[in-house]
$ cat work.cif   # mmCIF, C-alpha atoms
data_start
loop_
_atom_site.label_atom_id
_atom_site.label_comp_id
_atom_site.auth_asym_id
_atom_site.auth_seq_id
_atom_site.Cartn_x
_atom_site.Cartn_y
_atom_site.Cartn_z
CA MET A 33 -80.90 -191.10 -186.93
CA THR A 34 -77.57 -189.29 -186.86
CA GLN A 35 -78.72 -186.85 -184.17
CA ASN A 36 -80.10 -189.65 -181.98
CA HIS A 37 -76.87 -191.60 -182.38
CA SER A 38 -74.80 -188.60 -181.27
CA TYR A 39 -77.11 -187.97 -178.32
CA ASN A 40 -76.82 -191.59 -177.16
CA THR A 41 -73.04 -191.45 -177.49
CA ILE A 42 -72.84 -188.37 -175.26
CA GLN A 43 -75.15 -189.96 -172.70
CA LYS A 44 -73.17 -193.20 -172.61
CA ASP A 45 -69.71 -191.60 -172.55
CA PRO A 46 -69.79 -188.47 -170.39
CA LYS A 47 -66.53 -186.63 -169.71
CA PRO A 48 -65.08 -187.67 -166.38
CA GLY A 49 -63.78 -185.16 -163.85
CA LEU A 50 -64.90 -182.70 -161.20
CA SER A 51 -67.22 -179.80 -161.87
CA VAL A 52 -68.70 -176.86 -160.01
CA LEU A 53 -72.15 -178.41 -160.24
CA TRP A 54 -70.86 -181.64 -158.67
CA LEU A 55 -69.34 -179.64 -155.79
CA ILE A 56 -72.54 -177.67 -155.23
CA THR A 57 -74.48 -180.92 -155.18
CA LEU A 58 -72.21 -182.32 -152.48
CA VAL A 59 -72.67 -179.18 -150.37
CA LEU A 60 -76.46 -179.27 -150.77
CA GLN A 61 -76.55 -182.96 -149.82
CA ARG A 62 -74.68 -182.15 -146.60
CA LEU A 63 -76.09 -178.68 -146.04
CA SER A 64 -76.84 -179.32 -142.39
CA PHE A 65 -73.26 -180.38 -141.68
CA VAL A 66 -71.84 -177.36 -143.57
CA SER A 67 -74.16 -174.94 -141.77
CA TRP A 68 -73.31 -176.20 -138.29
CA THR A 69 -69.60 -176.23 -139.10
CA VAL A 70 -69.66 -172.62 -140.32
CA LEU A 71 -71.72 -171.45 -137.34
CA GLY A 72 -69.42 -173.24 -134.91
CA VAL A 73 -66.27 -171.76 -136.42
CA VAL A 74 -67.75 -168.25 -136.57
CA PHE A 75 -68.94 -168.42 -132.97
CA THR A 76 -65.69 -169.89 -131.62
CA SER A 77 -63.40 -167.48 -133.48
CA SER A 78 -65.53 -164.50 -132.47
CA ILE A 79 -65.42 -165.45 -128.79
CA ILE A 80 -61.65 -166.05 -128.87
CA SER A 81 -61.02 -162.78 -130.70
CA PHE A 82 -63.26 -160.85 -128.30
CA LEU A 83 -61.54 -162.27 -125.22
CA THR A 84 -58.05 -161.70 -126.65
CA ARG A 85 -58.69 -158.47 -128.54
CA GLU A 86 -55.87 -155.96 -128.83
CA TYR A 87 -55.48 -152.29 -129.70
CA THR A 88 -53.27 -150.60 -132.28
CA SER A 89 -51.96 -147.06 -131.84
CA THR A 90 -50.88 -145.12 -134.94
CA SER A 91 -48.63 -142.07 -135.35
CA LEU A 92 -47.14 -140.28 -138.34
CA PHE A 93 -43.80 -138.47 -138.29
CA MET A 94 -41.17 -137.09 -140.60
CA ALA A 95 -37.44 -136.74 -140.02
CA GLU A 96 -36.17 -133.18 -140.36
CA SER A 97 -33.12 -132.46 -142.49
CA GLU A 98 -30.09 -131.81 -140.31
CA SER A 99 -28.66 -129.48 -142.92
CA ALA A 100 -31.39 -127.01 -141.97
CA THR A 101 -29.99 -126.72 -138.46
CA SER A 102 -26.29 -126.93 -139.31
CA ASP A 103 -24.53 -124.82 -141.88
CA GLY A 104 -20.98 -124.93 -140.62
CA GLY A 105 -18.33 -127.47 -139.77
CA PHE A 106 -16.55 -129.49 -142.40
CA GLY A 107 -19.01 -128.42 -145.09
CA ALA A 108 -18.13 -124.75 -144.70
CA LEU A 109 -14.43 -125.59 -144.62
CA ALA A 110 -14.70 -127.64 -147.83
CA GLN A 111 -16.65 -124.87 -149.52
CA SER A 112 -14.05 -122.27 -148.53
CA MET A 113 -11.36 -124.45 -150.07
CA GLY A 114 -13.15 -124.32 -153.43
CA VAL A 115 -15.13 -127.58 -153.28
CA PRO A 116 -18.78 -126.46 -153.00
CA GLY A 117 -20.19 -129.84 -153.97
CA ALA A 118 -18.30 -131.58 -151.19
CA GLY A 119 -19.34 -128.84 -148.81
CA ALA A 120 -23.02 -129.40 -149.52
CA LEU A 121 -22.54 -133.15 -149.15
CA LEU A 122 -20.80 -132.80 -145.81
CA ARG A 123 -23.32 -130.32 -144.46
CA ASP A 124 -26.27 -132.56 -145.24
CA ASN A 125 -26.08 -135.20 -142.52
CA SER A 126 -29.68 -136.31 -142.91
CA ASN A 127 -30.58 -139.98 -142.75
CA PRO A 128 -33.07 -141.66 -145.11
CA PRO A 129 -36.43 -142.73 -143.64
CA GLN A 130 -35.34 -146.37 -143.82
CA PHE A 131 -32.66 -145.52 -141.25
CA TYR A 132 -35.32 -144.67 -138.65
CA VAL A 133 -37.23 -147.85 -139.47
CA ALA A 134 -34.05 -149.85 -138.84
CA VAL A 135 -33.47 -148.02 -135.54
CA LEU A 136 -37.02 -148.73 -134.40
CA ASN A 137 -36.47 -152.46 -134.99
CA SER A 138 -32.97 -152.62 -133.54
CA HIS A 139 -32.31 -154.74 -130.46
CA ASP A 140 -30.74 -152.04 -128.26
CA PHE A 141 -33.51 -149.57 -129.03
CA LEU A 142 -36.31 -152.04 -128.19
CA ALA A 143 -34.41 -153.35 -125.14
CA ASP A 144 -34.52 -149.83 -123.71
CA ILE A 145 -38.24 -149.58 -124.46
CA ALA A 146 -38.82 -152.99 -122.86
CA GLN A 147 -37.40 -151.91 -119.48
CA ARG A 148 -39.27 -148.62 -119.16
CA GLU A 149 -42.23 -148.23 -116.85
CA TYR A 150 -45.56 -147.09 -118.26
CA LEU A 151 -48.27 -145.54 -116.10
CA ASN A 152 -51.93 -146.29 -116.66
CA PRO A 153 -53.61 -142.86 -116.86
CA ASP A 154 -56.92 -144.32 -115.71
CA GLN A 155 -56.35 -145.38 -112.11
CA THR A 156 -59.99 -146.45 -111.68
CA GLY A 157 -59.27 -149.71 -113.53
CA ASN A 158 -61.92 -149.16 -116.20
CA SER A 159 -59.30 -149.14 -118.97
CA GLY A 160 -57.93 -152.52 -117.92
CA GLY A 161 -54.44 -153.55 -116.99
CA PRO A 162 -52.26 -152.72 -113.99
CA ALA A 163 -51.53 -149.23 -112.73
CA VAL A 164 -47.86 -149.48 -113.75
CA THR A 165 -46.26 -152.02 -116.06
CA ARG A 166 -43.18 -152.75 -118.14
CA PRO A 167 -43.16 -154.59 -121.48
CA ILE A 168 -40.57 -157.02 -120.13
CA ASP A 169 -43.05 -158.02 -117.42
CA GLN A 170 -45.85 -158.49 -119.94
CA PHE A 171 -44.06 -160.32 -122.75
CA SER A 172 -41.48 -162.56 -121.02
CA ASP A 173 -41.18 -165.28 -118.42
CA PRO A 174 -40.08 -163.72 -115.08
CA GLU A 175 -38.19 -166.89 -114.15
CA LEU A 176 -35.71 -166.47 -117.04
CA GLU A 177 -32.45 -164.53 -116.85
CA LEU A 178 -32.45 -160.86 -117.80
CA THR A 179 -30.72 -161.47 -121.14
CA ALA A 180 -33.21 -164.14 -122.16
CA ARG A 181 -36.13 -161.99 -120.99
CA LEU A 182 -34.88 -159.05 -123.02
CA SER A 183 -34.46 -161.19 -126.13
CA GLU A 184 -37.95 -162.60 -125.72
CA THR A 185 -39.48 -159.16 -125.15
CA VAL A 186 -37.62 -157.58 -128.07
CA ALA A 187 -38.88 -160.33 -130.39
CA GLU A 188 -42.43 -159.76 -129.16
CA LEU A 189 -42.16 -155.99 -129.60
CA ARG A 190 -40.90 -156.47 -133.16
CA ASP A 191 -44.01 -158.52 -133.92
CA ARG A 192 -46.22 -155.83 -132.39
CA LEU A 193 -44.45 -152.95 -134.16
CA SER A 194 -44.98 -151.84 -137.74
CA ALA A 195 -43.08 -148.97 -139.40
CA ASP A 196 -43.81 -148.17 -143.05
CA VAL A 197 -42.37 -145.40 -145.23
CA ASP A 198 -44.35 -143.51 -147.84
CA PRO A 199 -41.96 -143.39 -150.82
CA PHE A 200 -43.48 -140.16 -152.15
CA SER A 201 -43.63 -138.02 -148.99
CA ASN A 202 -41.05 -139.88 -146.82
CA ILE A 203 -43.61 -139.85 -144.00
CA ILE A 204 -43.18 -142.78 -141.61
CA THR A 205 -46.24 -144.53 -140.17
CA LEU A 206 -45.61 -146.15 -136.79
CA GLU A 207 -48.11 -148.67 -135.42
CA VAL A 208 -47.84 -150.39 -132.04
CA THR A 209 -50.18 -153.11 -130.79
CA SER A 210 -50.81 -154.29 -127.24
CA GLN A 211 -53.61 -155.72 -125.12
CA TRP A 212 -54.61 -152.33 -123.68
CA GLN A 213 -55.44 -149.06 -125.39
CA TRP A 214 -53.39 -146.88 -123.03
CA LEU A 215 -50.33 -149.14 -123.28
CA SER A 216 -50.35 -149.05 -127.10
CA GLU A 217 -50.42 -145.26 -127.06
CA SER A 218 -47.75 -145.06 -124.33
CA LEU A 219 -45.43 -147.41 -126.22
CA ASN A 220 -45.90 -145.45 -129.43
CA ARG A 221 -45.14 -142.15 -127.70
CA SER A 222 -42.15 -143.65 -125.91
CA MET A 223 -40.69 -144.88 -129.19
CA LEU A 224 -41.08 -141.45 -130.77
CA ASP A 225 -39.37 -139.76 -127.82
CA ALA A 226 -36.57 -142.33 -127.73
CA LEU A 227 -36.03 -141.99 -131.47
CA ASN A 228 -35.77 -138.21 -131.19
CA ASN A 229 -33.37 -138.48 -128.22
CA PHE A 230 -31.26 -140.91 -130.22
CA ASN A 231 -31.08 -138.39 -133.05
CA VAL A 232 -30.14 -135.51 -130.76
CA GLU A 233 -27.46 -137.56 -128.99
CA LYS A 234 -26.06 -138.72 -132.31
CA ARG A 235 -25.87 -135.14 -133.53
CA GLU A 236 -24.25 -133.97 -130.27
CA ASN A 237 -21.65 -136.75 -130.41
CA ARG A 238 -20.82 -135.91 -134.00
CA ALA A 239 -20.59 -132.21 -133.11
CA ASN A 240 -18.30 -133.05 -130.20
CA LEU A 241 -15.92 -135.01 -132.42
CA GLU A 242 -16.06 -132.24 -134.99
CA ARG A 243 -15.32 -129.59 -132.35
CA VAL A 244 -12.30 -131.49 -131.03
CA PHE A 245 -10.92 -131.95 -134.53
CA ILE A 246 -11.49 -128.31 -135.51
CA GLU A 247 -10.02 -127.11 -132.24
CA ASN A 248 -6.78 -128.98 -132.91
CA ARG A 249 -6.74 -127.84 -136.51
CA LEU A 250 -7.43 -124.27 -135.39
CA ASP A 251 -4.34 -124.26 -133.20
CA GLU A 252 -2.27 -125.49 -136.12
CA ALA A 253 -3.78 -122.87 -138.45
CA GLN A 254 -3.06 -120.13 -135.95
CA THR A 255 0.55 -121.24 -135.68
CA ASP A 256 0.87 -121.39 -139.49
CA LEU A 257 -0.66 -117.92 -139.80
CA GLU A 258 1.68 -116.45 -137.23
CA VAL A 259 4.69 -118.01 -138.95
CA ALA A 260 3.59 -116.63 -142.32
CA GLU A 261 2.97 -113.16 -140.86
CA ASP A 262 6.35 -113.15 -139.10
CA SER A 263 8.03 -114.27 -142.31
CA LEU A 264 6.33 -111.47 -144.27
CA ALA A 265 7.26 -108.88 -141.64
CA ALA A 266 10.90 -110.03 -141.67
CA PHE A 267 10.93 -109.86 -145.46
CA TYR A 268 9.68 -106.26 -145.40
CA ALA A 269 12.25 -105.38 -142.72
CA ARG A 270 15.08 -106.72 -144.89
CA ASN A 271 13.83 -105.16 -148.09
CA ARG A 272 12.60 -101.63 -147.49
CA ARG A 273 13.11 -100.55 -151.12
CA MET A 274 11.66 -103.13 -153.56
CA GLU A 275 10.32 -100.87 -156.30
CA ASP A 276 13.32 -101.39 -158.58
CA SER A 277 13.54 -105.19 -158.06
CA PRO A 278 11.00 -107.37 -159.87
CA ALA A 279 12.25 -110.48 -158.04
CA LEU A 280 11.65 -108.88 -154.64
CA LEU A 281 8.20 -107.70 -155.71
CA ALA A 282 7.27 -111.23 -156.84
CA GLU A 283 8.55 -112.71 -153.57
CA ALA A 284 6.56 -110.13 -151.59
CA ALA A 285 3.41 -111.00 -153.55
CA ARG A 286 3.89 -114.72 -152.89
CA SER A 287 4.41 -114.10 -149.17
CA GLN A 288 1.32 -111.91 -149.05
CA ARG A 289 -0.81 -114.56 -150.77
CA ARG A 290 0.52 -117.16 -148.37
CA VAL A 291 -0.59 -115.01 -145.45
CA GLU A 292 -4.01 -114.40 -147.00
CA VAL A 293 -4.63 -118.09 -147.65
CA ARG A 294 -3.67 -119.07 -144.10
CA GLN A 295 -5.71 -116.21 -142.76
CA GLN A 296 -8.77 -117.46 -144.69
CA VAL A 297 -8.25 -120.97 -143.38
CA TYR A 298 -7.96 -119.64 -139.83
CA LEU A 299 -11.15 -117.56 -140.14
CA THR A 300 -13.09 -120.47 -141.60
CA LEU A 301 -11.91 -122.80 -138.85
CA SER A 302 -12.86 -120.20 -136.25
CA GLN A 303 -16.39 -120.02 -137.63
CA SER A 304 -16.64 -123.80 -137.82
CA PHE A 305 -15.39 -124.10 -134.26
CA GLU A 306 -18.09 -121.77 -132.96
CA GLN A 307 -20.73 -123.60 -135.02
CA ALA A 308 -19.59 -126.96 -133.64
CA ARG A 309 -19.83 -125.61 -130.09
CA LEU A 310 -23.41 -124.53 -130.77
CA GLU A 311 -24.30 -127.90 -132.30
CA GLU A 312 -22.85 -129.63 -129.26
CA VAL A 313 -25.49 -128.08 -127.00
CA ARG A 314 -28.35 -127.88 -129.51
CA ASN A 315 -31.42 -129.89 -128.46
CA THR A 316 -33.74 -129.02 -131.35
CA PRO A 317 -35.96 -132.06 -132.15
CA LEU A 318 -35.22 -133.78 -135.44
CA ILE A 319 -38.58 -135.58 -135.54
CA SER A 320 -41.67 -133.71 -136.73
CA ILE A 321 -44.78 -135.51 -135.49
CA ILE A 322 -47.69 -135.16 -137.89
CA ASP A 323 -50.24 -137.35 -136.08
CA TYR A 324 -49.75 -137.93 -132.37
CA PRO A 325 -50.40 -141.41 -130.91
CA GLU A 326 -52.59 -140.12 -128.08
CA GLY A 327 -56.19 -141.07 -128.73
CA SER A 328 -55.37 -143.12 -131.82
CA ALA A 329 -55.65 -146.64 -130.40
CA GLU A 330 -58.35 -148.72 -132.06
CA SER A 331 -59.47 -152.26 -131.42
CA LEU A 332 -58.39 -154.90 -133.91
CA TRP A 333 -61.57 -156.86 -133.20
CA SER A 334 -64.43 -156.20 -135.62
CA LEU A 335 -67.66 -158.20 -135.53
CA ILE A 336 -68.24 -157.93 -139.28
CA ARG A 337 -64.65 -158.76 -140.21
CA GLN A 338 -64.45 -161.60 -137.71
CA GLY A 339 -67.73 -163.04 -138.96
CA PHE A 340 -66.57 -162.90 -142.57
CA LEU A 341 -63.24 -164.58 -141.76
CA GLY A 342 -65.03 -167.22 -139.68
CA LEU A 343 -67.40 -167.85 -142.57
CA LEU A 344 -64.52 -168.45 -144.97
CA LEU A 345 -62.70 -170.67 -142.50
CA GLY A 346 -65.83 -172.70 -141.73
CA LEU A 347 -66.57 -173.23 -145.41
CA GLY A 348 -62.97 -174.30 -145.98
CA ILE A 349 -63.11 -176.85 -143.17
CA ALA A 350 -66.50 -178.23 -144.29
CA LEU A 351 -65.50 -178.49 -147.95
CA GLY A 352 -62.20 -180.11 -147.05
CA TYR A 353 -63.97 -182.75 -144.97
CA ILE A 354 -66.63 -183.40 -147.64
CA LEU A 355 -64.07 -183.72 -150.44
CA SER A 356 -61.87 -186.06 -148.40
CA ILE A 357 -64.84 -188.34 -147.65
CA GLU A 358 -65.88 -188.32 -151.30
CA PHE A 359 -62.34 -189.08 -152.40
CA MET A 360 -62.22 -192.08 -150.07
CA LYS A 361 -65.46 -193.37 -151.50
CA ILE A 362 -64.13 -193.14 -155.06
CA GLN A 363 -60.93 -194.93 -154.09
CA ASN A 364 -62.92 -197.66 -152.35
CA ILE A 365 -65.05 -198.19 -155.44
CA LYS A 366 -62.00 -198.48 -157.70
CA HIS A 367 -60.22 -200.84 -155.24
CA LEU A 368 -56.86 -199.29 -156.00
CA PRO A 369 -53.81 -200.88 -154.37
CA GLU A 370 -52.91 -197.59 -152.69
CA TYR A 371 -56.31 -197.41 -151.01
CA LEU A 372 -56.15 -201.04 -149.87
CA GLU A 373 -52.72 -200.35 -148.37
CA PHE A 374 -54.11 -197.25 -146.67
CA GLN A 375 -56.97 -199.30 -145.15
CA GLU A 376 -54.52 -201.89 -143.87
CA THR A 377 -52.33 -199.22 -142.28
CA LEU A 378 -55.35 -197.52 -140.74
CA ARG A 379 -56.51 -200.80 -139.18
CA LYS A 380 -53.11 -201.23 -137.55
CA LEU A 381 -52.97 -197.68 -136.19
CA TRP A 382 -56.63 -197.21 -135.29
CA PRO A 383 -57.84 -199.94 -132.90
CA PHE A 384 -61.49 -198.93 -133.30
CA SER A 385 -61.65 -199.83 -136.98
CA LYS A 386 -64.89 -201.55 -137.99
CA ARG A 387 -63.09 -204.65 -139.28
CA ASN A 388 -61.45 -205.18 -135.89
CA ARG A 389 -64.73 -205.35 -134.08
#

$ encode --input "work.cif" --output "structure tokens"
Amino acid sequence: MTQNHSYNTIQKDPKPGLSVLWLITLVLQRLSFVSWTVLGVVFTSSIISFLTREYTSTSLFMAESESATSDGGFGALAQSMGVPGAGALLRDNSNPPQFYVAVLNSHDFLADIAQREYLNPDQTGNSGGPAVTRPIDQFSDPELELTARLSETVAELRDRLSADVDPFSNIITLEVTSQWQWLSESLNRSMLDALNNFNVEKRENRANLERVFIENRLDEAQTDLEVAEDSLAAFYARNRRMEDSPALLAEAARSQRRVEVRQQVYLTLSQSFEQARLEEVRNTPLISIIDYPEGSAESLWSLIRQGFLGLLLGLGIALGYILSIEFMKIQNIKHLPEYLEFQETLRKLWPFSKRNR
């Protein structure tokens, strides 16, 4: 009797709420609707993706350390003055990988890329696209002013550009996406070349400023050295016999050290000056390309991936519709004030409501 009583209690008072089984039942009851919805979404998304498919070109590069190509300048001067730590710091002018990522996304850098012309290597037209094009012509409205067109194109290029840094190897991965395979590879290569040119110009400008500074300082050091040498020569001319005078010997030693110090400064500045002149005309690339962009462009469209995403989207749309209909039925059964107010509002906004017929 006790077991039957418990069983009847459970049957009469089931726990309310949603369940996975209830959801599966709803899907099975409307299986035809769910199937057609999923098939429609998969087919539509696949067609749209196929017609608007794009290509991504990938390259890998690493920034070389500038300290490997420059061992003079202010660093050598600081080291000669007895500050080796500062010398090493000044000689190493390398930038972190994040610096190059910031340059790649900067407005001026992308504005230059946007106005360059890119030639389609396949003139037969099989690769798609025009024979010659510019990003500003592809990604902006030609009726706008140049400033607005550049801003619009730069924003589009930022969306189509991806630069990631490997924290362990400091290798930078550059990805560029466009509607044509050849254009993606051309844009990627152009960005690598522009980035290297930016580095070389930056180094040359720094070397030029360094050369001008050292040149002025070299003139001053030469004058100081000549003054010290003339002072020492005059001292020796006035004091030909100093062996019996400790004061004169000490003064001679101080004058000699003064000449040696200024001579060392002059020699160091001379070496730094020659090094700065070499750096001013050095065009050694500071970007080491590991994987070139040529031949790397791949289509973003994948039939399997697109079908899977369409399947998920179709199921989401079908389940959302089924649950909303079921929710409305439950609210209608309970006759809640919120649902009655919703019906009244719907009748006012929707003229084809059944109660208005």

$ residues_around --input "work.cif" --residues "Val186 (chain A)" --least-positions-apart "2" --cutoff "9 Å" --atoms "all atoms listed in the file" --output "list in words"
Asn137, Ser138, His139, Asp140, Leu142, Ala143, Ile145, Ala146, Ile168, Phe171, Arg181, Leu182, Ser183, Glu184, Glu188, Leu189, Arg190 and Asp191 of chain A

$ residues_around --input "work.cif" --residues "Ala253 (chain A)" --least-positions-apart "2" --cutoff "7 Å" --atoms "all atoms listed in the file" --output "short mmCIF file (atom, residue, chain, number, x, y, z; two decimals) with C-alpha atoms, in the coordinates of the input"
data_model
loop_
_atom_site.label_atom_id
_atom_site.label_comp_id
_atom_site.auth_asym_id
_atom_site.auth_seq_id
_atom_site.Cartn_x
_atom_site.Cartn_y
_atom_site.Cartn_z
CA ARG A 249 -6.74 -127.84 -136.51
CA LEU A 250 -7.43 -124.27 -135.39
CA ASP A 251 -4.34 -124.26 -133.20
CA THR A 255 0.55 -121.24 -135.68
CA ASP A 256 0.87 -121.39 -139.49
CA LEU A 257 -0.66 -117.92 -139.80
CA ARG A 294 -3.67 -119.07 -144.10
CA VAL A 297 -8.25 -120.97 -143.38
CA TYR A 298 -7.96 -119.64 -139.83
#

$ closest_residue --input "work.cif" --among "A:Ala329, A:Leu301, A:Leu227, A:Leu281" --to "Glu252 (chain A)" --atoms "only C-alpha atoms"
A:Leu301

$ resolve_selection --input "work.cif" --expression "the PyMOL selection byres ((chain A and resi 61-63) around 12)" --output "PyMOL selection string"
chain A and resi 54-60+64-70+347+350-351+353-355+357-358

$ resolve_selection --input "work.cif" --expression "the PyMOL selection byres ((chain A and resi 198) around 12)" --output "PyMOL selection string"
chain A and resi 92-94+128-130+133+195-197+199-206

$ atom_distance --input "work.cif" --atom1 "CA of Glu258 (chain A)" --atom2 "CA of Ala285 (chain A)"
17.3 Å

$ atom_distance --input "work.cif" --atom1 "CA of Leu318 (chain A)" --atom2 "CA of Glu96 (chain A)"
5.0 Å

$ atom_distance --input "work.cif" --atom1 "CA of Ser328 (chain A)" --atom2 "CA of Ser91 (chain A)"
7.7 Å

$ closest_residue --input "work.cif" --among "A:Ser222, A:Phe131, A:Glu261, A:Arg192" --to "Arg289 (chain A)" --atoms "only C-alpha atoms"
A:Glu261

$ axis_aligned_box --input "work.cif" --around "region 237-249 of chain A" --padding-each-side "3 Å" --output "lines of an AutoDock Vina configuration file"
center_x = -14.2
center_y = -131.9
center_z = -133.4
size_x = 20.9
size_y = 15.6
size_z = 12.3

$ residues_around --input "work.cif" --residues "region 212-219 of chain A" --least-positions-apart "6" --cutoff "8 Å" --atoms "all atoms listed in the file" --output "PDB file with C-alpha atoms, keeping the file's coordinate frame"
ATOM      1  CA  GLU A  86     -55.870-155.960-128.830  1.00  0.00           C
ATOM      2  CA  TYR A  87     -55.480-152.290-129.700  1.00  0.00           C
ATOM      3  CA  THR A  88     -53.270-150.600-132.280  1.00  0.00           C
ATOM      4  CA  SER A  89     -51.960-147.060-131.840  1.00  0.00           C
ATOM      5  CA  THR A  90     -50.880-145.120-134.940  1.00  0.00           C
ATOM      6  CA  ILE A 145     -38.240-149.580-124.460  1.00  0.00           C
ATOM      7  CA  TYR A 150     -45.560-147.090-118.260  1.00  0.00           C
ATOM      8  CA  ASN A 152     -51.930-146.290-116.660  1.00  0.00           C
ATOM      9  CA  PRO A 153     -53.610-142.860-116.860  1.00  0.00           C
ATOM     10  CA  SER A 159     -59.300-149.140-118.970  1.00  0.00           C
ATOM     11  CA  GLY A 160     -57.930-152.520-117.920  1.00  0.00           C
ATOM     12  CA  GLY A 161     -54.440-153.550-116.990  1.00  0.00           C
ATOM     13  CA  PRO A 325     -50.400-141.410-130.910  1.00  0.00           C
ATOM     14  CA  GLU A 326     -52.590-140.120-128.080  1.00  0.00           C
ATOM     15  CA  GLY A 327     -56.190-141.070-128.730  1.00  0.00           C
ATOM     16  CA  SER A 328     -55.370-143.120-131.820  1.00  0.00           C
ATOM     17  CA  ALA A 329     -55.650-146.640-130.400  1.00  0.00           C
ATOM     18  CA  GLU A 330     -58.350-148.720-132.060  1.00  0.00           C
ATOM     19  CA  SER A 331     -59.470-152.260-131.420  1.00  0.00           C
TER      20      SER A 331
END

$ closest_residue --input "work.cif" --among "A:Leu151, A:Ala308, A:Ile321, A:Val135" --to "Glu247 (chain A)" --atoms "all atoms listed in the file"
A:Ala308
